[in-house]
Amino acid sequence: MSRNVVVLKAARWVDVATGEVHTPAVIVVEDNLIAAIDPPELPAGAQVIDLGELTLLPGLMDMEINLLIGGPDTPTGLPNPMHGVQDDPVYRTLRGTVNARTTLHAGFTTVRNLGLMVKTGGYLLDVDLGRAIEQGWVEGPRIVGAGHAITPTGGHLDPTMFQRLAPHIMPLSLEEGRANGVAQVRECVRYQIKYGAQVIKISASGGVMSHGTVAGAQQYSDEELAAIVDEAHRAGVRVAAHAHGDAGIVACIRAGVDCIEHGSLATDDTIAMMVEHGTFLVPTSYLSEGLDVSKAAPALQKKAAEVFPRARETLRKAIRAGVKIACGTDAPAVPHGDNAKELWALVDRGMTPSQALRAATVTSAELVGVDDRGQLAPGLLADIIAVPGDPTADITTVQDVRFVMKDGRVHKHC
């Protein structure tokens with residue numbers, strides 16, 4: 001059987017596991033896998049792509065994104081809060097195809113889509129979008145989809161709390177993520193997994209950009225959290241929890257939640273618990289600078305002014321303590337396509353550029369439980385990007401992605 005062989009040449013490549021930069025770079029790709037790096041001789045008849053002075057990296061990963069909201073008509077600032085009631089499932093999915101292409105062209109070849117609760121009739125749109133991408137129908141990153149986020153009535157991820165809707169305007173079913181009590185949360189988890197969810201997303205504390213929720217307040221009870229984790233883990237599925245408040249974070253760690261999203265108000269003792277339990281943190285820290293709250297309600301602006309500075313300091317402590325930190329943006333709260341600015345934020349809070357690159361590759365791959373990507377090495381998937389300069393010296397170079405290959409196919413070359 002004939003093989004498609006491509007040779008990538010560039011000025012250098014980065015071993016993200018060690019932080020070493022190797023010069024020059026010659027990577028041989030056969031079909032969708034990396035076959036060799038800097039081989040003694042090139043395979044005959046291979047297509048050669050010479051990327052000149054660029055630097056090769058593994059495809060980056062965004063561990064908190066919402067491809068089905070934001071995008072074309074909301075390029076900056078907060079996502080349009082009316083998307084939840086204006087977009088039907090078909091239009092929402094088409095919106096997702098645009099955002100998926102934008103994300104891939106920004107150099108992100110794998111994402112976790114940690115969805116909100118939306119009215120879809122129970123369809124898991126991110127799972128279906130991921131299938132369409134996998135089959136080559138549309139361009140986009142590999143999607144580890146959560147389906148519908150799971151939240152209690154009036155919780156942070158309840159869309160009526162974002163949009164201030166009156167009662168009965170947008171009733172949501174258990175299949176769409178609204179669940180209360182142990183029996184309902186178990187059924188809700190089972191439903192998401194039945195229809196293809198690869199991760200479970202829950203609301204464990206209040207939020208910054210939702211009306212009527214206190215960012216630090218725990219929302220699900222300890223019993224509900226334990227039931228959610230039990231159902232997911234028995235099916236081999238991990239759990240990610242939106243949690244700003246310390247009480248919610250502690251409850252999640254005790255329940256066995258795998259990953260905390262945001263973690264803004266964690267105390268020193270809670271950070272130590274995360275290290276002890278091996279709990280991942282996806283801090284979405286660039287929100288502090290990248291989220292335009294100028295048009296938000298005054299109460300939400302007040303919450304942001306209180307939480308964001310504390311969140312930056314919490315992340316600095318978590319980095320020093322050795323928490324396992326993965327890269328995530330919460331796009332479109334940060335516009336789709338600006339995902340790499342999160343790496344700048346990680347460096348600003350205390351990581352070295354090499355550590356930030358690992359957060360967006362090696363650690364993110366560990367978080368989603370895969371060992372077939374996240375590095376440039378023979379036998380791994382050919383997810384390869386190219387940027388100018390040396391990202392181990394200047395992390396902002398990853399904001400200028402010039403070349404994207406995913407699964408051995410070139411998606412961007414400029």
# chains A, B, ... in the order shown; residues from 1 in each chain; ligands from 1
>>> select_by_dssp(residues="stretch 14-213 of chain A", states="strand (DSSP E)", output="ChimeraX atom specification")
/A:14-15,20-22,25-30,33-37,47-50,54-58,60-65,108-113,142-145,199-203
>>> residues_around(residues="A:Ile395", least_positions_apart="3", cutoff="10 Å", atoms="only C-alpha atoms", output="short mmCIF file (atom, residue, chain, number, x, y, z; two decimals) with N, CA and C atoms, in the first residue's frame")
data_model
loop_
_atom_site.label_atom_id
_atom_site.label_comp_id
_atom_site.auth_asym_id
_atom_site.auth_seq_id
_atom_site.Cartn_x
_atom_site.Cartn_y
_atom_site.Cartn_z
N ALA A 340 -3.70 31.50 22.07
CA ALA A 340 -2.29 31.44 22.49
C ALA A 340 -1.94 32.51 23.51
N LYS A 341 -2.80 33.51 23.69
CA LYS A 341 -2.52 34.53 24.69
C LYS A 341 -2.55 33.95 26.11
N LEU A 343 -0.95 31.35 26.98
CA LEU A 343 0.43 30.98 27.29
C LEU A 343 1.21 32.18 27.79
N TRP A 344 0.93 33.36 27.21
CA TRP A 344 1.56 34.58 27.72
C TRP A 344 1.17 34.80 29.18
N ALA A 345 -0.13 34.59 29.49
CA ALA A 345 -0.59 34.79 30.87
C ALA A 345 0.10 33.83 31.83
N LEU A 346 0.29 32.59 31.42
CA LEU A 346 0.97 31.62 32.28
C LEU A 346 2.39 32.06 32.58
N VAL A 347 3.07 32.61 31.58
CA VAL A 347 4.43 33.11 31.79
C VAL A 347 4.40 34.35 32.69
N THR A 352 8.03 29.56 33.23
CA THR A 352 8.97 29.83 32.15
C THR A 352 8.24 29.57 30.83
N PRO A 353 8.74 30.12 29.70
CA PRO A 353 8.10 29.79 28.43
C PRO A 353 8.04 28.28 28.16
N SER A 354 9.07 27.55 28.53
CA SER A 354 9.06 26.11 28.33
C SER A 354 7.97 25.44 29.16
N ALA A 356 5.16 26.86 30.06
CA ALA A 356 3.89 27.21 29.43
C ALA A 356 3.63 26.33 28.21
N LEU A 357 4.66 26.06 27.44
CA LEU A 357 4.51 25.16 26.29
C LEU A 357 4.10 23.77 26.75
N GLY A 389 10.80 32.68 15.22
CA GLY A 389 11.59 32.89 16.42
C GLY A 389 11.66 31.66 17.31
N ASP A 390 12.00 31.90 18.56
CA ASP A 390 12.20 30.82 19.54
C ASP A 390 11.19 30.99 20.66
N PRO A 391 10.14 30.17 20.70
CA PRO A 391 9.11 30.33 21.74
C PRO A 391 9.61 30.00 23.14
N THR A 392 10.73 29.30 23.28
CA THR A 392 11.28 29.06 24.62
C THR A 392 11.96 30.30 25.18
N VAL A 398 4.08 32.24 19.79
CA VAL A 398 3.02 31.28 19.49
C VAL A 398 1.72 31.97 19.11
N GLN A 399 1.68 33.28 19.22
CA GLN A 399 0.52 34.03 18.76
C GLN A 399 0.58 34.31 17.26
#
>>> residues_around(residues="stretch 19-24 of chain A", least_positions_apart="6", cutoff="8 Å", atoms="only C-alpha atoms", output="list of chain:residue names")
A:Lys9, A:Ala10, A:Ala11, A:Arg12, A:Trp13, A:Ser354, A:Gln355, A:Thr392
>>> atom_distance(atom1="atom CA of A:Arg310", atom2="atom CA of A:Ala296")
19.8 Å
>>> closest_residue(among="A:Leu51, A:Ile65, A:Ile271, A:Ala46", to="A:His413", atoms="only C-alpha atoms")
A:Leu51
>>> residues_around(residues="A:Asp268", least_positions_apart="3", cutoff="10 Å", atoms="only C-alpha atoms", output="PyMOL selection string")
chain A and resi 246+265+271-274+314+317-318+321
>>> residues_around(residues="stretch 110-115 of chain A", least_positions_apart="6", cutoff="10 Å", atoms="only C-alpha atoms", output="MDAnalysis selection string")
chainID A and resid 59:69 100 103:104 124:127 130 140:150 157 177 197:202 240:242 261 327:328 330:331 360:361 364:365 367:368 373:374 383 406
>>> atom_distance(atom1="atom CA of A:Gly207", atom2="atom CA of A:Leu291")
14.0 Å
>>> residues_around(residues="A:Ala17", least_positions_apart="6", cutoff="8 Å", atoms="only C-alpha atoms", output="JSON, numbers by chain")
{"A": [358, 362, 375]}
>>> write_last_selection(atoms="all heavy atoms", output="CSV table (one decimal), in the first residue's frame")
chain,number,residue,atom,x,y,z
A,358,ARG,N,4.7,23.3,27.8
A,358,ARG,CA,4.3,22.0,28.4
A,358,ARG,C,2.8,22.0,28.8
A,358,ARG,O,2.1,21.0,28.7
A,358,ARG,CB,5.2,21.5,29.5
A,358,ARG,CG,6.6,21.0,29.0
A,358,ARG,CD,7.3,20.3,30.1
A,358,ARG,NE,7.8,21.1,31.2
A,358,ARG,CZ,8.9,21.8,31.2
A,358,ARG,NH1,9.7,21.8,30.1
A,358,ARG,NH2,9.2,22.5,32.2
A,362,VAL,N,2.1,18.7,26.7
A,362,VAL,CA,2.3,17.5,27.5
A,362,VAL,C,1.3,17.3,28.6
A,362,VAL,O,0.6,16.3,28.8
A,362,VAL,CB,3.7,17.4,28.1
A,362,VAL,CG1,3.9,16.2,29.0
A,362,VAL,CG2,4.8,17.4,27.0
A,375,GLN,N,3.8,15.9,21.7
A,375,GLN,CA,5.2,16.1,21.6
A,375,GLN,C,5.6,15.8,20.1
A,375,GLN,O,4.8,15.2,19.4
A,375,GLN,CB,6.0,15.1,22.5
A,375,GLN,CG,5.8,15.3,23.9
A,375,GLN,CD,6.6,14.3,24.8
A,375,GLN,OE1,7.9,14.3,24.6
A,375,GLN,NE2,6.0,13.5,25.6
>>> select_by_dssp(residues="stretch 206-286 of chain A", states="alpha helix (DSSP H)", output="MDAnalysis selection string")
chainID A and resid 222:234 246:255 268:277
>>> atom_distance(atom1="atom CA of A:Gly154", atom2="atom CA of A:Gly206")
9.6 Å
>>> closest_residue(among="A:Ala179, A:Ala377, A:Ala386, A:Val208", to="A:Pro298", atoms="only C-alpha atoms")
A:Val208
>>> closest_residue(among="A:Asp348, A:Glu366, A:Asp338, A:Glu289", to="A:Asp400", atoms="only C-alpha atoms")
A:Asp338
>>> closest_residue(among="A:Asn32, A:Thr120, A:Gln301, A:Thr109", to="A:Gln86", atoms="only C-alpha atoms")
A:Thr120
